[in-house]
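Below: work_30.pdb (PDB, C-alpha atoms and all ligand atoms)
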```pdb
ATOM      1  CA  MET Q 203       0.000   0.000   0.000
ATOM      2  CA  ILE Q 204       1.166   3.518  -0.749
ATOM      3  CA  PRO Q 205       1.200   5.269   2.649
ATOM      4  CA  PHE Q 206       0.045   8.708   1.426
ATOM      5  CA  ASN Q 207      -2.676  10.194  -0.761
ATOM      6  CA  PHE Q 208      -1.991  11.855  -4.073
ATOM      7  CA  ASP Q 209      -4.005  13.207  -6.997
ATOM      8  CA  TYR Q 210      -3.773  11.399 -10.315
ATOM      9  CA  TYR Q 211      -3.867  13.297 -13.635
ATOM     10  CA  LYS Q 212      -3.802  11.878 -17.148
ATOM     11  CA  PRO Q 213      -3.469  14.753 -19.645
ATOM     12  CA  ASN Q 214      -4.076  14.276 -23.373
ATOM     13  CA  THR Q 215      -1.558  16.781 -24.664
ATOM     14  CA  LEU Q 216       2.004  17.851 -23.971
ATOM     15  CA  ALA Q 217       0.904  21.434 -23.290
ATOM     16  CA  GLU Q 218      -1.633  20.225 -20.749
ATOM     17  CA  ALA Q 219       0.994  18.089 -18.984
ATOM     18  CA  ILE Q 220       3.559  20.874 -18.782
ATOM     19  CA  ASN Q 221       1.050  23.487 -17.630
ATOM     20  CA  LEU Q 222      -0.356  21.072 -15.094
ATOM     21  CA  TYR Q 223       3.128  20.469 -13.747
ATOM     22  CA  ALA Q 224       3.737  24.211 -13.330
ATOM     23  CA  GLU Q 225       0.372  24.776 -11.701
ATOM     24  CA  LEU Q 226       0.712  21.866  -9.242
ATOM     25  CA  ASP Q 227       4.287  22.844  -8.462
ATOM     26  CA  SER Q 228       3.264  26.412  -7.701
ATOM     27  CA  ILE Q 229       0.789  25.239  -5.055
ATOM     28  CA  GLY Q 230       3.344  22.951  -3.396
ATOM     29  CA  LYS Q 231       2.063  19.579  -4.609
ATOM     30  CA  SER Q 232       5.575  18.383  -5.664
ATOM     31  CA  PRO Q 233       4.218  16.763  -8.839
ATOM     32  CA  ILE Q 234       6.044  13.998 -10.665
ATOM     33  CA  TYR Q 235       5.618  12.543 -14.137
ATOM     34  CA  TYR Q 236       4.442   8.962 -14.223
ATOM     35  CA  GLY Q 237       5.424   6.451 -16.932
ATOM     36  CA  GLY Q 238       5.009   2.776 -16.047
ATOM     37  CA  GLY Q 239       4.833   3.628 -12.351
ATOM     38  CA  THR Q 240       6.912   0.607 -11.306
ATOM     39  CA  GLU Q 241       9.640   2.637  -9.645
ATOM     40  CA  PHE Q 242       7.285   5.252  -8.233
ATOM     41  CA  ILE Q 243       5.032   2.613  -6.643
ATOM     42  CA  SER Q 244       7.856   0.517  -5.185
ATOM     43  CA  MET Q 245       9.630   3.584  -3.799
ATOM     44  CA  ALA Q 246       6.431   5.178  -2.463
ATOM     45  CA  ARG Q 247       5.593   1.991  -0.560
ATOM     46  CA  VAL Q 248       8.821   2.310   1.441
ATOM     47  CA  HIS Q 249       8.640   6.091   1.899
ATOM     48  CA  ASN Q 250      11.468   6.763  -0.554
ATOM     49  CA  VAL Q 251       9.433   9.202  -2.608
ATOM     50  CA  TYR Q 252       6.637  11.601  -1.747
ATOM     51  CA  THR Q 253       4.301  13.580  -3.961
ATOM     52  CA  GLU Q 254       0.802  14.949  -3.805
ATOM     53  CA  ALA Q 255       0.215  14.665  -7.560
ATOM     54  CA  VAL Q 256       1.299  12.353 -10.358
ATOM     55  CA  ILE Q 257       0.961  13.241 -14.028
ATOM     56  CA  ASP Q 258       0.552  10.094 -16.097
ATOM     57  CA  ILE Q 259       1.972  10.673 -19.598
ATOM     58  CA  LYS Q 260       0.561   7.571 -21.275
ATOM     59  CA  ASP Q 261      -2.259   9.397 -23.135
ATOM     60  CA  ILE Q 262       0.040  11.971 -24.742
ATOM     61  CA  PRO Q 263       0.351  11.128 -28.477
ATOM     62  CA  GLU Q 264       3.961  12.382 -28.836
ATOM     63  CA  CYS Q 265       5.031  10.078 -25.998
ATOM     64  CA  ASN Q 266       3.384   7.098 -27.721
ATOM     65  CA  ILE Q 267       5.008   7.423 -31.136
ATOM     66  CA  HIS Q 268       6.990   4.386 -32.249
ATOM     67  CA  VAL Q 269       7.824   4.782 -35.890
ATOM     68  CA  LEU Q 270      10.599   4.470 -38.459
ATOM     69  CA  LYS Q 271      10.071   7.289 -40.942
ATOM     70  CA  ASN Q 272      12.278   9.650 -42.980
ATOM     71  CA  ASN Q 273      15.412   7.714 -41.952
ATOM     72  CA  LYS Q 274      14.736   8.263 -38.252
ATOM     73  CA  LEU Q 275      13.460   5.907 -35.579
ATOM     74  CA  THR Q 276      11.342   7.804 -33.054
ATOM     75  CA  ILE Q 277      10.501   6.087 -29.774
ATOM     76  CA  GLY Q 278       8.093   7.866 -27.448
ATOM     77  CA  SER Q 279       8.968   7.943 -23.778
ATOM     78  CA  ALA Q 280       5.748   6.099 -22.809
ATOM     79  CA  ILE Q 281       6.609   3.121 -25.037
ATOM     80  CA  THR Q 282       7.139   0.060 -22.879
ATOM     81  CA  LEU Q 283      10.172  -2.194 -22.957
ATOM     82  CA  THR Q 284       7.902  -4.995 -24.214
ATOM     83  CA  ASP Q 285       6.794  -2.895 -27.194
ATOM     84  CA  ILE Q 286      10.387  -1.975 -28.013
ATOM     85  CA  ALA Q 287      11.313  -5.670 -28.078
ATOM     86  CA  ILE Q 288       8.234  -6.715 -30.086
ATOM     87  CA  GLU Q 289       8.573  -4.016 -32.763
ATOM     88  CA  ASN Q 290      12.329  -4.646 -32.801
ATOM     89  CA  TYR Q 291      13.240  -1.660 -34.988
ATOM     90  CA  PHE Q 292      16.622  -1.453 -33.237
ATOM     91  CA  PRO Q 293      17.791  -4.993 -32.393
ATOM     92  CA  LEU Q 294      20.573  -3.800 -30.061
ATOM     93  CA  LEU Q 295      18.029  -1.869 -27.984
ATOM     94  CA  SER Q 296      15.712  -4.896 -28.007
ATOM     95  CA  LEU Q 297      18.480  -7.092 -26.605
ATOM     96  CA  ALA Q 298      19.181  -4.578 -23.852
ATOM     97  CA  VAL Q 299      15.550  -4.089 -22.771
ATOM     98  CA  LYS Q 300      14.784  -7.825 -22.859
ATOM     99  CA  ARG Q 301      17.293  -8.239 -20.020
ATOM    100  CA  ILE Q 302      15.779  -5.515 -17.805
ATOM    101  CA  ALA Q 303      13.585  -6.996 -15.026
ATOM    102  CA  ASP Q 304      11.155  -9.780 -16.052
ATOM    103  CA  HIS Q 305       8.412 -10.054 -18.699
ATOM    104  CA  THR Q 306       5.637  -8.801 -16.439
ATOM    105  CA  ILE Q 307       7.532  -5.704 -15.432
ATOM    106  CA  GLN Q 308       8.812  -5.098 -18.986
ATOM    107  CA  ASP Q 309       5.135  -4.684 -19.877
ATOM    108  CA  LYS Q 310       5.004  -1.669 -17.571
ATOM    109  CA  ILE Q 311       8.465  -0.046 -17.572
ATOM    110  CA  THR Q 312       8.667   2.768 -20.115
ATOM    111  CA  LEU Q 313      11.686   4.041 -21.993
ATOM    112  CA  GLY Q 314      11.336   7.453 -20.299
ATOM    113  CA  GLY Q 315      11.078   5.842 -16.871
ATOM    114  CA  ASN Q 316      14.191   3.771 -17.407
ATOM    115  CA  LEU Q 317      16.143   6.863 -18.487
ATOM    116  CA  ALA Q 318      14.821   9.201 -15.785
ATOM    117  CA  GLY Q 319      14.423   6.833 -12.831
ATOM    118  CA  THR Q 320      16.727   6.729  -9.834
ATOM    119  CA  ILE Q 321      17.927   3.137 -10.237
ATOM    120  CA  ILE Q 322      21.511   3.478 -11.391
ATOM    121  CA  TYR Q 323      21.622   0.932 -14.207
ATOM    122  CA  LYS Q 324      19.387   2.485 -16.905
ATOM    123  CA  GLU Q 325      20.418  -0.198 -19.351
ATOM    124  CA  SER Q 326      18.266   1.127 -22.185
ATOM    125  CA  ILE Q 327      20.503   4.173 -22.395
ATOM    126  CA  LEU Q 328      23.487   2.145 -23.598
ATOM    127  CA  PRO Q 329      22.229   1.499 -27.177
ATOM    128  CA  LEU Q 330      21.092   5.134 -27.334
ATOM    129  CA  MET Q 331      24.589   6.276 -26.360
ATOM    130  CA  VAL Q 332      26.454   4.171 -28.924
ATOM    131  CA  ALA Q 333      23.956   5.163 -31.634
ATOM    132  CA  ASN Q 334      24.332   8.897 -30.868
ATOM    133  CA  ALA Q 335      20.596   9.244 -30.235
ATOM    134  CA  ASN Q 336      18.905  12.581 -29.682
ATOM    135  CA  ILE Q 337      16.457  13.177 -26.861
ATOM    136  CA  VAL Q 338      13.423  15.417 -27.202
ATOM    137  CA  LEU Q 339      12.506  17.296 -24.016
ATOM    138  CA  VAL Q 340       9.612  19.613 -23.324
ATOM    139  CA  GLY Q 341       9.280  21.886 -20.317
ATOM    140  CA  ILE Q 342       7.744  25.137 -19.252
ATOM    141  CA  ASN Q 343      10.474  27.041 -21.155
ATOM    142  CA  GLY Q 344       9.844  25.246 -24.437
ATOM    143  CA  SER Q 345      11.233  22.203 -26.170
ATOM    144  CA  ARG Q 346      14.767  21.138 -27.026
ATOM    145  CA  THR Q 347      16.329  18.270 -28.920
ATOM    146  CA  ILE Q 348      19.716  17.335 -27.577
ATOM    147  CA  PRO Q 349      22.255  14.519 -28.071
ATOM    148  CA  ILE Q 350      21.978  11.939 -25.331
ATOM    149  CA  MET Q 351      25.690  12.347 -24.601
ATOM    150  CA  ASP Q 352      25.108  16.047 -23.836
ATOM    151  CA  VAL Q 353      22.091  15.598 -21.606
ATOM    152  CA  PHE Q 354      23.238  12.593 -19.602
ATOM    153  CA  PHE Q 355      26.112  12.585 -17.166
ATOM    154  CA  LYS Q 356      25.527  10.395 -14.119
ATOM    155  CA  LYS Q 357      21.820  11.172 -14.594
ATOM    156  CA  MET Q 358      19.552  13.028 -16.977
ATOM    157  CA  LYS Q 359      20.450  16.703 -16.681
ATOM    158  CA  ILE Q 360      16.917  17.987 -16.982
ATOM    159  CA  SER Q 361      14.884  20.298 -14.804
ATOM    160  CA  ASN Q 362      12.021  18.922 -12.723
ATOM    161  CA  ASP Q 363       9.364  20.297 -15.062
ATOM    162  CA  GLU Q 364      11.007  18.829 -18.166
ATOM    163  CA  LEU Q 365       9.400  15.801 -19.676
ATOM    164  CA  ILE Q 366      11.344  13.304 -21.773
ATOM    165  CA  VAL Q 367       9.175  13.030 -24.871
ATOM    166  CA  GLN Q 368      11.120  10.910 -27.355
ATOM    167  CA  ALA Q 369      14.405   9.311 -28.314
ATOM    168  CA  ILE Q 370      15.370   9.691 -31.975
ATOM    169  CA  ILE Q 371      17.896   7.414 -33.659
ATOM    170  CA  ASP Q 372      19.303   7.716 -37.184
ATOM    171  CA  GLU Q 373      18.218   4.736 -39.272
ATOM    172  CA  LYS Q 374      21.838   4.063 -40.265
ATOM    173  CA  TYR Q 375      22.598   2.812 -36.730
ATOM    174  CA  LEU Q 376      19.789   0.283 -36.563
ATOM    175  CA  THR Q 377      21.509  -2.417 -38.577
ATOM    176  CA  LEU Q 378      25.185  -1.848 -37.819
ATOM    177  CA  SER Q 379      27.106  -4.835 -36.405
ATOM    178  CA  SER Q 380      26.720  -4.816 -32.662
ATOM    179  CA  ILE Q 381      26.844  -6.879 -29.493
ATOM    180  CA  HIS Q 382      25.130  -6.842 -26.098
ATOM    181  CA  VAL Q 383      26.792  -8.662 -23.192
ATOM    182  CA  LYS Q 384      25.255  -8.758 -19.723
ATOM    183  CA  ARG Q 385      26.682 -10.536 -16.707
ATOM    184  CA  THR Q 386      24.762 -10.836 -13.445
ATOM    185  CA  ARG Q 387      25.776 -12.298 -10.126
ATOM    186  CA  ASN Q 388      23.430 -15.304 -10.179
ATOM    187  CA  GLU Q 389      20.175 -15.253 -12.103
ATOM    188  CA  LYS Q 390      19.658 -14.348 -15.742
ATOM    189  CA  ILE Q 391      17.106 -11.747 -14.597
ATOM    190  CA  ASP Q 392      18.910  -9.433 -12.232
ATOM    191  CA  TYR Q 393      20.588  -6.078 -12.033
ATOM    192  CA  PRO Q 394      23.816  -6.159 -13.999
ATOM    193  CA  LEU Q 395      27.192  -6.913 -12.561
ATOM    194  CA  ILE Q 396      28.245  -5.355 -15.861
ATOM    195  CA  THR Q 397      26.331  -4.787 -19.071
ATOM    196  CA  LEU Q 398      28.104  -3.575 -22.177
ATOM    197  CA  VAL Q 399      26.854  -2.750 -25.620
ATOM    198  CA  ALA Q 400      29.102  -2.087 -28.590
ATOM    199  CA  LEU Q 401      28.417  -1.123 -32.164
ATOM    200  CA  VAL Q 402      30.751  -0.742 -35.143
ATOM    201  CA  GLU Q 403      30.521   2.636 -36.884
ATOM    202  CA  GLN Q 404      32.859   3.263 -39.839
ATOM    203  CA  GLY Q 405      35.297   0.570 -38.722
ATOM    204  CA  LYS Q 406      35.440   1.760 -35.109
ATOM    205  CA  ILE Q 407      33.777   0.436 -31.990
ATOM    206  CA  ASN Q 408      31.413   2.631 -29.969
ATOM    207  CA  ILE Q 409      31.015   1.091 -26.524
ATOM    208  CA  ALA Q 410      29.030   1.911 -23.374
ATOM    209  CA  PHE Q 411      28.774   0.300 -19.940
ATOM    210  CA  SER Q 412      26.296  -0.081 -17.093
ATOM    211  CA  GLY Q 413      26.989  -1.592 -13.672
ATOM    212  CA  LEU Q 414      30.722  -1.028 -13.978
ATOM    213  CA  CYS Q 415      30.588   2.344 -12.202
ATOM    214  CA  ASP Q 416      27.651   3.857 -10.400
ATOM    215  CA  PHE Q 417      26.131   5.304 -13.557
ATOM    216  CA  PRO Q 418      26.068   4.233 -17.210
ATOM    217  CA  PHE Q 419      28.683   5.832 -19.416
ATOM    218  CA  ARG Q 420      30.383   5.943 -22.793
ATOM    219  CA  SER Q 421      34.007   7.123 -22.860
ATOM    220  CA  LYS Q 422      36.001   8.437 -25.821
ATOM    221  CA  LEU Q 423      39.232   7.570 -24.017
ATOM    222  CA  LEU Q 424      38.203   3.929 -23.689
ATOM    223  CA  GLU Q 425      37.020   3.797 -27.296
ATOM    224  CA  ASP Q 426      40.363   5.203 -28.518
ATOM    225  CA  ILE Q 427      42.212   2.491 -26.594
ATOM    226  CA  LEU Q 428      39.917  -0.244 -27.883
ATOM    227  CA  ASN Q 429      40.232   0.962 -31.469
ATOM    228  CA  ASP Q 430      44.039   1.246 -31.436
ATOM    229  CA  LYS Q 431      44.829  -1.610 -33.796
ATOM    230  CA  SER Q 432      48.581  -1.022 -33.396
ATOM    231  CA  LEU Q 433      48.348  -2.805 -30.038
ATOM    232  CA  PRO Q 434      47.722  -6.522 -29.495
ATOM    233  CA  LYS Q 435      44.251  -7.413 -28.245
ATOM    234  CA  ASP Q 436      45.262  -8.303 -24.675
ATOM    235  CA  GLU Q 437      47.231  -5.109 -24.265
ATOM    236  CA  ARG Q 438      44.263  -3.046 -25.425
ATOM    237  CA  ILE Q 439      41.975  -4.816 -22.959
ATOM    238  CA  ASN Q 440      44.398  -4.324 -20.061
ATOM    239  CA  MET Q 441      44.885  -0.655 -20.923
ATOM    240  CA  LEU Q 442      41.155  -0.135 -21.169
ATOM    241  CA  ILE Q 443      40.641  -1.633 -17.719
ATOM    242  CA  GLN Q 444      43.438   0.502 -16.242
ATOM    243  CA  ASN Q 445      41.830   3.624 -17.691
ATOM    244  CA  ILE Q 446      38.227   3.268 -16.542
ATOM    245  CA  PRO Q 447      37.538   6.953 -15.921
ATOM    246  CA  TYR Q 448      35.319   6.573 -12.849
ATOM    247  CA  LYS Q 449      35.418   4.551  -9.624
ATOM    248  CA  ILE Q 450      34.608   0.916 -10.285
ATOM    249  CA  LEU Q 451      31.657  -0.321  -8.240
ATOM    250  CA  ASP Q 452      32.468  -2.464  -5.244
ATOM    251  CA  ASN Q 453      29.248  -3.810  -3.729
ATOM    252  CA  LEU Q 454      27.236  -6.905  -2.881
ATOM    253  CA  GLU Q 455      26.843  -7.768  -6.567
ATOM    254  CA  GLY Q 456      30.609  -8.047  -6.872
ATOM    255  CA  SER Q 457      33.905  -6.503  -5.798
ATOM    256  CA  SER Q 458      35.728  -4.069  -8.078
ATOM    257  CA  GLU Q 459      38.433  -6.701  -8.645
ATOM    258  CA  TYR Q 460      35.821  -9.231  -9.728
ATOM    259  CA  ARG Q 461      34.266  -6.648 -12.032
ATOM    260  CA  LYS Q 462      37.665  -6.008 -13.641
ATOM    261  CA  PHE Q 463      38.158  -9.731 -14.151
ATOM    262  CA  MET Q 464      34.673 -10.027 -15.651
ATOM    263  CA  LEU Q 465      35.202  -7.000 -17.853
ATOM    264  CA  HIS Q 466      38.313  -8.589 -19.343
ATOM    265  CA  THR Q 467      36.323 -11.594 -20.550
ATOM    266  CA  MET Q 468      33.476  -9.391 -21.788
ATOM    267  CA  ILE Q 469      35.734  -7.126 -23.862
ATOM    268  CA  ASP Q 470      37.494 -10.182 -25.213
ATOM    269  CA  GLU Q 471      34.115 -11.592 -26.287
ATOM    270  CA  THR Q 472      33.214  -8.243 -27.841
ATOM    271  CA  LEU Q 473      36.410  -8.034 -29.893
ATOM    272  CA  GLU Q 474      36.136 -11.666 -30.983
ATOM    273  CA  ASN Q 475      32.579 -11.035 -32.180
ATOM    274  CA  LEU Q 476      33.182  -7.743 -33.902
ATOM    275  CA  GLN Q 477      36.690  -8.254 -35.258
ATOM    276  CA  GLU Q 478      35.530  -9.355 -38.694
ATOM    277  CA  VAL Q 479      33.890  -5.987 -39.254
ATOM    278  CA  ILE Q 480      36.539  -3.689 -37.796
TER
HETATM  279  C1  LIG H 501      11.767  -5.448 -10.284
HETATM  280  C2  LIG H 501      12.560  -4.432 -11.044
HETATM  281  C3  LIG H 501      13.708  -4.833 -11.706
HETATM  282  C4  LIG H 501      14.476  -3.900 -12.421
HETATM  283  N1  LIG H 501      15.583  -4.325 -13.100
HETATM  284  C5  LIG H 501      16.301  -3.430 -13.834
HETATM  285  C6  LIG H 501      17.436  -3.854 -14.587
HETATM  286  O1  LIG H 501      17.823  -5.026 -14.589
HETATM  287  N2  LIG H 501      18.090  -2.903 -15.313
HETATM  288  C7  LIG H 501      17.689  -1.592 -15.348
HETATM  289  O2  LIG H 501      18.290  -0.789 -16.060
HETATM  290  N3  LIG H 501      16.645  -1.176 -14.611
HETATM  291  C8  LIG H 501      15.944  -2.054 -13.872
HETATM  292  N4  LIG H 501      14.868  -1.622 -13.149
HETATM  293  C9  LIG H 501      14.663  -0.170 -13.059
HETATM  294  C10 LIG H 501      13.544   0.354 -13.896
HETATM  295  O3  LIG H 501      13.874   0.330 -15.250
HETATM  296  C11 LIG H 501      13.333   1.798 -13.437
HETATM  297  O4  LIG H 501      12.886   1.739 -12.102
HETATM  298  C12 LIG H 501      12.367   2.621 -14.245
HETATM  299  O5  LIG H 501      12.327   3.930 -13.672
HETATM  300  C13 LIG H 501      10.969   2.150 -14.258
HETATM  301  O6  LIG H 501      10.280   2.753 -15.331
HETATM  302  P1  LIG H 501       8.792   3.250 -15.130
HETATM  303  O7  LIG H 501       8.294   3.631 -16.484
HETATM  304  O8  LIG H 501       7.982   2.258 -14.382
HETATM  305  O9  LIG H 501       9.075   4.554 -14.262
HETATM  306  P2  LIG H 501       8.107   5.354 -13.270
HETATM  307  O10 LIG H 501       7.975   4.619 -11.972
HETATM  308  O11 LIG H 501       6.858   5.772 -13.950
HETATM  309  O12 LIG H 501       8.988   6.666 -13.058
HETATM  310  C14 LIG H 501      10.282   6.597 -12.466
HETATM  311  C15 LIG H 501      10.866   8.009 -12.383
HETATM  312  O13 LIG H 501      11.093   8.513 -13.704
HETATM  313  C16 LIG H 501      10.368   9.730 -13.903
HETATM  314  N5  LIG H 501       9.836   9.676 -15.275
HETATM  315  C17 LIG H 501       9.136   8.659 -15.844
HETATM  316  N6  LIG H 501       8.884   8.941 -17.128
HETATM  317  C18 LIG H 501       9.425  10.171 -17.369
HETATM  318  C19 LIG H 501       9.496  11.001 -18.518
HETATM  319  N7  LIG H 501       8.974  10.635 -19.687
HETATM  320  N8  LIG H 501      10.131  12.190 -18.400
HETATM  321  C20 LIG H 501      10.691  12.572 -17.235
HETATM  322  N9  LIG H 501      10.659  11.830 -16.118
HETATM  323  C21 LIG H 501      10.032  10.644 -16.187
HETATM  324  C22 LIG H 501       9.257   9.737 -12.873
HETATM  325  O14 LIG H 501       8.878  11.045 -12.524
HETATM  326  C23 LIG H 501       9.919   9.026 -11.713
HETATM  327  O15 LIG H 501      10.720   9.920 -10.987
HETATM  328  C24 LIG H 501      14.085  -2.535 -12.443
HETATM  329  C25 LIG H 501      12.925  -2.129 -11.765
HETATM  330  C26 LIG H 501      12.157  -3.059 -11.081
HETATM  331  C27 LIG H 501      10.910  -2.579 -10.385
END
```

Spit out the file's structure as structure tokens when you get a sec.
Amino acid sequence: MIPFNFDYYKPNTLAEAINLYAELDSIGKSPIYYGGGTEFISMARVHNVYTEAVIDIKDIPECNIHVLKNNKLTIGSAITLTDIAIENYFPLLSLAVKRIADHTIQDKITLGGNLAGTIIYKESILPLMVANANIVLVGINGSRTIPIMDVFFKKMKISNDELIVQAIIDEKYLTLSSIHVKRTRNEKIDYPLITLVALVEQGKINIAFSGLCDFPFRSKLLEDILNDKSLPKDERINMLIQNIPYKILDNLEGSSEYRKFMLHTMIDETLENLQEVI
């Protein structure tokens, strides 16, 4: 049971949602946007989040777009992980979302919720990072379309009133050679010990990680090391591991040393799989 009362709104347009947010905020209701609600409900039950108003975005047409048109794939933020996997426009993204939670919860979790939520893994962001996706945001000050790499560092750098509306991916990335590797501590369905996704663009590997540090990231430094064909494979892998730019996670899922060991095998697998195309 959620131990507090809150008002529930389900606007039909973006303008309505944004104006509603501003209005509710101005009267101290601490509104929040609501996608699948899985994180909100589980956190509210244990007093980790409080609001007096939720704004459900699932009836907003722009947030429900899922279309490949004019060489762009547009995925609305209210699209569920299940729908992403079923439509399968971007197979690398499908692989990533199919390993987030279980089937029942994938039916609820939305792309926007996975990107904006507080859980650190945000695995759906990895394919968006390596495919240089753009994110469409709308807030009280208007709308902006911004590369994912410019709007995400540790978390989405958006203001409270800003709504994630869509992710847009160039069609050229959808079919490039790619790989998704996820390791968990025990079960197939679990938070990642490490997840990596990699994609080959013009003979070079774009790579991004979740679970390795306490936020998902893509690093140019690591990509330069990985793509330096003048070095033998093992040397590249060792250098990459020595140059992880942020603190490696050390928690119940696994120690940082174990993560480094695991990462070695995962990068090796990645290079073995992609070497024919690089
Ligand atoms: C059992 C379980 C297992 C999980 N396993 C994994 C896993 O293996 N890997 C992984 O990466 N994640 C995992 N998650 C995390 C999950 O993806 C996130 O909790 C995600 O936030 C849930 O999406 P939702 O649509 O239900 O979000 P909601 O609960 O609706 O919202 C979560 C937060 O995001 C904000 N938000 C939602 N949509 C938008 C939007 N469009 N614009 C701006 N803000 C928005 C809300 O205001 C709220 O603060 C798991 C979650 C559960 C419950």

Exercise. Determine the nearest neighbour of Val256 in chain Q from the options Q:Glu289, Q:Thr276, Q:Tyr211, Q:Asn221, counting all atoms listed in the file.
Key: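 Checking each of Q:Glu289, Q:Thr276, Q:Tyr211, Q:Asn221 against Val256 in chain Q, counting all atoms listed in the file, the winner is Q:Tyr211.
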
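Note that CA of Lys390 in chain Q and atom C2 of ligand LIG 501 (chain H) are 13.1 Å apart.
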
Self-check item: Which of Q:Ala217, Q:Met331, Q:Leu226, Q:Ile360 sits closest to ligand LIG 501 (chain H) [using all atoms listed in the file]
Solution: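 Answer, going by the shortest atom-to-atom distance: Q:Ile360.
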
Quiz prompt | Closest of Q:Ile234, Q:Leu317, Q:Ile327, Q:Leu339 to Tyr252 in chain Q - atom-to-atom distances counting all atoms listed in the file | solution =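 Nearest candidate to Tyr252 in chain Q out of Q:Ile234, Q:Leu317, Q:Ile327, Q:Leu339: Q:Ile234.
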
Exercise. Within 9 Å of range 409-417 of chain Q, counting only C-alpha atoms, which residues show up once you throw out same-chain ones fewer than 6 positions away? Write them as number ranges by chain, please.
Key: Q: 322-325, 327-329, 331-332, 355-357, 393-402, 424-425, 446, 448-452, 458, 461-462, 465

Exercise. List the residues matched by the PyMOL selection byres (((chain Q and resi 303) around 6) and not hetatm) in the displayed structure as a ChimeraX atom specification, ordered by chain and then by residue number.
Key: /Q:302,304,391

Self-check item: Resolved residues for the PyMOL selection byres (((not hetatm)) within 6 of (chain H and resi 501)) as a count of residues only
Solution: 29

Quiz item: What is the CA of Phe354 in chain Q-CA of Phe419 in chain Q distance in Å, reported with one decimal?
Solution: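 Going from CA of Phe354 in chain Q over to CA of Phe419 in chain Q, I get 8.7 Å.
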
Exercise. Would you mind listing what lies within 12 Å of Asn250 in chain Q as an NGL selection string, with only C-alpha atoms counted and same-chain residues fewer than 3 positions away left out?
Key: :Q and (204-206 or 241-247 or 253 or 320)

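Picture a line from CA of Asn334 in chain Q to CA of Cys265 in chain Q; it runs 19.9 Å.
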
Exercise. Quick one: everything within 7 Å of range 271-275 of chain Q, counting only C-alpha atoms, minus sequence neighbours fewer than 4 positions away in the same chain. Send it as a ChimeraX atom specification.
Key: /Q:370-373

Starting from the point (20.4, 12.5, -30.3), work out which residues of protein, DNA or RNA have an atom no more than 9 Å away when counting all atoms listed in the file; state them as an mmCIF file with C-alpha atoms, keeping the file's coordinate frame.
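Saved result, out_11.cif, follows:
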```
data_model
loop_
_atom_site.group_PDB
_atom_site.id
_atom_site.type_symbol
_atom_site.label_atom_id
_atom_site.label_comp_id
_atom_site.auth_asym_id
_atom_site.auth_seq_id
_atom_site.Cartn_x
_atom_site.Cartn_y
_atom_site.Cartn_z
ATOM 1 C CA LEU Q 330 21.092 5.134 -27.334
ATOM 2 C CA MET Q 331 24.589 6.276 -26.360
ATOM 3 C CA ALA Q 333 23.956 5.163 -31.634
ATOM 4 C CA ASN Q 334 24.332 8.897 -30.868
ATOM 5 C CA ALA Q 335 20.596 9.244 -30.235
ATOM 6 C CA ASN Q 336 18.905 12.581 -29.682
ATOM 7 C CA ILE Q 337 16.457 13.177 -26.861
ATOM 8 C CA VAL Q 338 13.423 15.417 -27.202
ATOM 9 C CA THR Q 347 16.329 18.270 -28.920
ATOM 10 C CA ILE Q 348 19.716 17.335 -27.577
ATOM 11 C CA PRO Q 349 22.255 14.519 -28.071
ATOM 12 C CA ILE Q 350 21.978 11.939 -25.331
ATOM 13 C CA MET Q 351 25.690 12.347 -24.601
ATOM 14 C CA ASP Q 352 25.108 16.047 -23.836
ATOM 15 C CA ALA Q 369 14.405 9.311 -28.314
ATOM 16 C CA ILE Q 370 15.370 9.691 -31.975
ATOM 17 C CA ILE Q 371 17.896 7.414 -33.659
ATOM 18 C CA ASP Q 372 19.303 7.716 -37.184
#
```

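Of the residues under consideration (Q:Asn362, Q:Ile443, Q:Glu225, Q:His305), Q:Ile443 shows the shortest atom-to-atom contact distance to Met468 in chain Q when counting all atoms listed in the file.
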
Practice problem: Take the PyMOL selection byres (((chain Q and resi 216) around 10) and not hetatm), apply it to the structure above, and return the hits as a list of chain:residue names. | Solution: Q:Pro213, Q:Asn214, Q:Thr215, Q:Ala217, Q:Glu218, Q:Ala219, Q:Ile220, Q:Asn221, Q:Leu222, Q:Ile259, Q:Asp261, Q:Ile262, Q:Pro263, Q:Glu264, Q:Cys265, Q:Val340, Q:Gly341, Q:Leu365, Q:Val367

Quiz item: Which of these, Q:Arg438, Q:Lys422, Q:Arg387, Q:Lys431, has the shortest distance to Ser457 in chain Q once you count all atoms listed in the file?
Solution: Q:Arg387

Quiz item: Between Q:Lys231, Q:Lys435, Q:His249, Q:His382, which is the closest to Glu474 in chain Q once you count all atoms listed in the file?
Solution: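 Comparing Q:Lys231, Q:Lys435, Q:His249, Q:His382 against Glu474 in chain Q, the winner is Q:Lys435.
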
Report as a PDB file with C-alpha atoms, in the coordinates of the input all protein, DNA and RNA residues lying within 8 Å of Thr284 in chain Q, evaluated on all atoms listed in the file, omitting residues in the same chain fewer than 3 positions from it.
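So the final result, stored in around.pdb, reads:
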```pdb
ATOM      1  CA  ALA Q 287      11.313  -5.670 -28.078  1.00  0.00           C
ATOM      2  CA  ILE Q 288       8.234  -6.715 -30.086  1.00  0.00           C
ATOM      3  CA  VAL Q 299      15.550  -4.089 -22.771  1.00  0.00           C
ATOM      4  CA  LYS Q 300      14.784  -7.825 -22.859  1.00  0.00           C
ATOM      5  CA  HIS Q 305       8.412 -10.054 -18.699  1.00  0.00           C
ATOM      6  CA  GLN Q 308       8.812  -5.098 -18.986  1.00  0.00           C
ATOM      7  CA  ASP Q 309       5.135  -4.684 -19.877  1.00  0.00           C
ATOM      8  CA  LYS Q 310       5.004  -1.669 -17.571  1.00  0.00           C
TER       9      LYS Q 310
END
```
